[in-house]
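Colleague: Before anything else, here's the structure in question.
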Amino acid sequence: PLAILARNHAVIRGVLLGLASVVQTVPGLALLALFYPLLLAIASLTLRWFGFDFSAFGFLPAMLALALYSMLPVLRNTITGLNGVDPALLEAAQGVGMTARQSLFTVELPLALPVIMAGIRTSAVWVIGTATLSTPIGQTSLGNYIFAGLQTQNWVLVLFGCSASALLALAVDQLLTLIERGLRERKRLRTLLGSVGIAALVAATLIPSMARTPSTYVIGAKTFTEQYVLSALIEQRLQAAGLQASTREGLGSSVIFQALAANNIDVYVDYSGTLWVNQFHRTDMPPRETLLAELKEILAKQDITLLGALGFENA
């Protein structure tokens with residue numbers, strides 16, 4: 001719709017393509033990470049002004065960032081495809097009495113369809129690849145296997161995550177090609193088969209997460225080997241006590257603390273030095289016991305409880 005709106009307006013077209021190009025230059029992981037604090041701020045404002053908030057963790061920031069990331073090929077190809085239609089055909093459409101809307105849907109879009117679908121297919125493949133980077137902001141994805149495998153040197157997990165992502169991208173690309181051919185050749189069966197295939201992939205992705213029973217306790221873990229071990233131990237201890245618990249692994253350092261403060265996760269293991277320097281921007285270095293005592297006070301002001309130290313030192 002944005003491309004159709006902008007195709008005959010040079011200023012709007014330039015602004016939209018410029019913005020989409022800027023978004024495309026931002027690394028995918030950085031774009032995903034930027035959306036989490038932005039949505040957290042918006043959620044706090046909606047709670048203050050309207051009395052409700054929403055979860056800024058996981059799905060929503062991933063969806064919005066990936067939607068922005070996918071815009072450039074669709075915008076550019078749609079504008080190129082529509083502006084590439086032979087002017088003589090447009091004049092003929094006007095000559096037989098077609099309105100601008102009728103000309104768009106009957107003449108221009110069908111002729112531009114191959115170019116438009118090429119942009120959509122490119123975007124689909126890009127988004128599937130970039131979606132594996134959504135693990136650090138709390139969205140479960142095939143990236144969970146890749147991040148966990150890299151940190152624990154389990155190359156089977158890495159290969160599984162990469163292969164599954166590649167196969168999914170190929171499947172989506174072929175299904176979109178089937179839809180394109182069906183629309184171009186006016187063969188409804190091909191269009192239907194492609195659409196059913198896409199719907200089946202979406203269902204296969206969403207149903208397991210929707211069917212999963214929500215956990216009473218969510219344990220977070222950063223992208224370090226010991227974090228995977230410790231989060232698994234905490235999960236097992238809670239389950240042994242008869243409590244429902246699950247883990248959200250591979251989270252970024254700033255995201256995991258904000259997720260704890262926002263009550264998106266319930267517990268995780270952090271490093272006192274990381275909290276002291278990176279989170280609270282302290283430059284002094286007091287003795288160990290003093291530092292832990294001050295950290296406990298600072299965290300308590302944010303309604304976060306420091307349960308205790310594990311007794312290990314990163315030396």
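Just remember, in the structure tokens the first chain shown is A, the second B, etc., residues are 1-based per chain, and ligands are 1-based in the order shown.
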I'd like a table as a tab-separated table: residues in region 99-180 of chain A with an atom no more than 10 Å from region 62-83 of chain A, each row giving the shortest atom pair and its distance in Å to one decimal, only C-alpha atoms counted, sorted by chain and rising residue number.
Modeller:
residue	atom	partner	partner_atom	distance
A:Leu104	CA	A:Leu82	CA	8.8
A:Val107	CA	A:Leu82	CA	9.9
A:Glu108	CA	A:Leu82	CA	6.1
A:Leu109	CA	A:Leu82	CA	6.8
A:Pro110	CA	A:Leu82	CA	9.5
A:Leu111	CA	A:Gly81	CA	7.9
A:Ala112	CA	A:Gly81	CA	4.5
A:Leu113	CA	A:Gly81	CA	7.3
A:Pro114	CA	A:Gly81	CA	8.0
A:Val115	CA	A:Gly81	CA	5.4
A:Ile116	CA	A:Thr78	CA	4.8
A:Met117	CA	A:Val74	CA	8.0
A:Ala118	CA	A:Asn77	CA	7.3
A:Gly119	CA	A:Val74	CA	4.6
A:Ile120	CA	A:Val74	CA	5.4
A:Arg121	CA	A:Val74	CA	8.7
A:Thr122	CA	A:Pro73	CA	6.7
A:Ser123	CA	A:Ser70	CA	4.9
A:Ala124	CA	A:Ser70	CA	7.3
A:Val125	CA	A:Ser70	CA	9.3
A:Trp126	CA	A:Ser70	CA	7.2
A:Val127	CA	A:Leu66	CA	6.1
A:Ile128	CA	A:Leu66	CA	9.0
A:Thr130	CA	A:Leu66	CA	7.5
A:Ala131	CA	A:Leu66	CA	7.2
A:Leu133	CA	A:Ala62	CA	9.0
A:Ser134	CA	A:Ala62	CA	6.0
A:Thr135	CA	A:Ala62	CA	9.1
A:Ile137	CA	A:Ala62	CA	7.6
A:Gly138	CA	A:Ala62	CA	8.8
A:Gln139	CA	A:Ala62	CA	7.0
Colleague: Considering only C-alpha atoms, return as a ChimeraX atom specification whatever protein or nucleic-acid residues lie within 8 Å of Pro61 (chain A), sequence-local ones (same chain, fewer than 4 positions apart) excluded.
Modeller: /A:32,35-36,39,56-57,65,137
Colleague: Using only C-alpha atoms, which protein or nucleic acid residues come within 10 Å of region 205-214 of chain A? Drop anything in the same chain fewer than 2 positions from it, and give the result as a count of residues only.
Modeller: 13
Colleague: Compile the contact shell of Gly308 (chain A) as a compact mmCIF listing (two decimals) with all heavy atoms, in the first residue's frame: residues with an atom at most 12 Å away, counting only C-alpha atoms, same-chain residues fewer than 6 positions apart removed.
Modeller:
# COMPACT_ATOMS: atom_id res chain seq x y z
N TYR A 268 17.33 -14.79 37.45
CA TYR A 268 18.47 -15.18 36.61
C TYR A 268 19.74 -14.92 37.40
O TYR A 268 19.73 -14.22 38.43
CB TYR A 268 18.47 -14.42 35.28
CG TYR A 268 19.02 -13.01 35.31
CD1 TYR A 268 20.32 -12.74 34.87
CD2 TYR A 268 18.25 -11.94 35.76
CE1 TYR A 268 20.82 -11.45 34.87
CE2 TYR A 268 18.74 -10.65 35.76
CZ TYR A 268 20.02 -10.40 35.32
OH TYR A 268 20.53 -9.13 35.32
N VAL A 269 20.83 -15.50 36.93
CA VAL A 269 22.14 -15.32 37.58
C VAL A 269 22.91 -14.24 36.80
O VAL A 269 23.02 -14.30 35.58
CB VAL A 269 22.94 -16.63 37.57
CG1 VAL A 269 24.33 -16.41 38.17
CG2 VAL A 269 22.19 -17.72 38.34
N ASP A 270 23.43 -13.25 37.53
CA ASP A 270 24.22 -12.20 36.88
C ASP A 270 25.56 -12.08 37.58
O ASP A 270 25.81 -12.72 38.61
CB ASP A 270 23.47 -10.86 36.91
CG ASP A 270 23.81 -9.99 35.70
OD1 ASP A 270 24.92 -10.17 35.16
OD2 ASP A 270 22.97 -9.18 35.29
N TYR A 271 26.40 -11.23 37.03
CA TYR A 271 27.74 -11.01 37.56
C TYR A 271 27.77 -9.66 38.27
O TYR A 271 27.34 -8.65 37.70
CB TYR A 271 28.76 -11.06 36.42
CG TYR A 271 28.56 -12.25 35.52
CD1 TYR A 271 27.82 -12.13 34.34
CD2 TYR A 271 29.05 -13.51 35.87
CE1 TYR A 271 27.61 -13.23 33.52
CE2 TYR A 271 28.84 -14.61 35.06
CZ TYR A 271 28.11 -14.47 33.89
OH TYR A 271 27.89 -15.56 33.09
N SER A 272 28.27 -9.65 39.50
CA SER A 272 28.23 -8.43 40.29
C SER A 272 28.97 -7.28 39.60
O SER A 272 28.51 -6.13 39.60
CB SER A 272 28.84 -8.68 41.68
OG SER A 272 30.16 -9.19 41.57
N GLU A 289 32.53 -7.58 49.79
CA GLU A 289 31.35 -7.60 50.66
C GLU A 289 30.60 -6.26 50.60
O GLU A 289 29.37 -6.23 50.60
CB GLU A 289 31.75 -7.92 52.11
CG GLU A 289 32.35 -9.31 52.28
CD GLU A 289 31.42 -10.40 51.79
OE1 GLU A 289 30.18 -10.24 51.96
OE2 GLU A 289 31.90 -11.39 51.23
N LEU A 292 28.65 -6.09 47.24
CA LEU A 292 27.45 -6.92 47.25
C LEU A 292 26.35 -6.29 48.11
O LEU A 292 25.16 -6.32 47.74
CB LEU A 292 27.77 -8.33 47.75
CG LEU A 292 28.61 -9.20 46.80
CD1 LEU A 292 28.99 -10.51 47.48
CD2 LEU A 292 27.85 -9.48 45.51
N ALA A 293 26.74 -5.72 49.24
CA ALA A 293 25.76 -5.08 50.12
C ALA A 293 25.12 -3.87 49.44
O ALA A 293 23.90 -3.67 49.51
CB ALA A 293 26.42 -4.67 51.43
N LEU A 295 24.94 -3.37 46.17
CA LEU A 295 24.13 -3.88 45.05
C LEU A 295 22.75 -4.30 45.55
O LEU A 295 21.72 -4.03 44.91
CB LEU A 295 24.81 -5.08 44.40
CG LEU A 295 25.68 -4.83 43.17
CD1 LEU A 295 26.20 -6.15 42.62
CD2 LEU A 295 24.92 -4.08 42.09
N LYS A 296 22.73 -4.97 46.69
CA LYS A 296 21.46 -5.43 47.26
C LYS A 296 20.53 -4.25 47.54
O LYS A 296 19.33 -4.30 47.25
CB LYS A 296 21.72 -6.21 48.54
CG LYS A 296 20.50 -6.93 49.09
CD LYS A 296 20.89 -7.92 50.18
CE LYS A 296 19.67 -8.74 50.59
NZ LYS A 296 20.02 -9.78 51.58
Colleague: Going by DSSP on the backbone, which bits of region 88-282 of chain A are strand (DSSP E or B)? Write them as a ChimeraX atom specification, please.
Modeller: /A:217-222,245-251,267
Colleague: Compare A:Val11, A:Leu168, A:Gln239, A:Pro1 by their minimum atom-to-atom distance to Ala204 (chain A), counting only C-alpha atoms, and give me the closest one.
Modeller: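 The closest residue to Ala204 (chain A) is A:Leu168.
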Colleague: Rounded to one decimal in Å, what is the spacing between CA of Ala148 (chain A) and CA of Leu167 (chain A)?
Modeller: 19.9 Å
Colleague: When you count only C-alpha atoms, which of these residues is closest to Ile179 (chain A): A:Ala164, A:Ala93, A:Leu16, A:Ile198?
Modeller: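 Among the listed residues, A:Ile198 lies closest to Ile179 (chain A).
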Colleague: Would you please give, as a PyMOL selection string, all residues of region 49-185 of chain A that DSSP assigns to alpha helix (DSSP H) based on the backbone?
Modeller: chain A and resi 49-50+59-69+71-83+87-95+100-103+109-131+143-152+155-184
Colleague: Given the choices A:Ile42, A:Ile304, A:Ala262, A:Ile219, which gets closest to Gly250 (chain A) if the distance is worked out from only C-alpha atoms?
Modeller: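 Of all the options, A:Ile219 lies closest to Gly250 (chain A).
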Colleague: Between A:Thr274, A:Thr223, A:Thr46, A:Ser55, which has the minimum distance to Gln151 (chain A) (counting only C-alpha atoms)?
Modeller: A:Thr223
Colleague: Using only C-alpha atoms, which of the listed residues (A:Val158, A:Val196, A:Leu40, A:Ala171) sits closest to Thr132 (chain A)?
Modeller: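 Among A:Val158, A:Val196, A:Leu40, A:Ala171, it is A:Val158 that comes nearest to Thr132 (chain A).
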Colleague: Kindly give the distance, in Å, that separates CA of Pro37 (chain A) and CA of Ile298 (chain A), rounded to a single decimal.
Modeller: 20.5 Å
Colleague: With a distance cut-off of 8 Å and only C-alpha atoms, select the neighbouring residues of Leu157 (chain A), excluding the residue or stretch itself and same-chain residues fewer than 3 positions from it, and output the selection as a ChimeraX atom specification.
Modeller: /A:145-146,148-149,154,160-161
Colleague: Mind giving me the straight-line distance from CA of Phe54 (chain A) to CA of Asn264 (chain A) in Å, one decimal?
Modeller: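 Those two atoms sit 10.6 Å apart.
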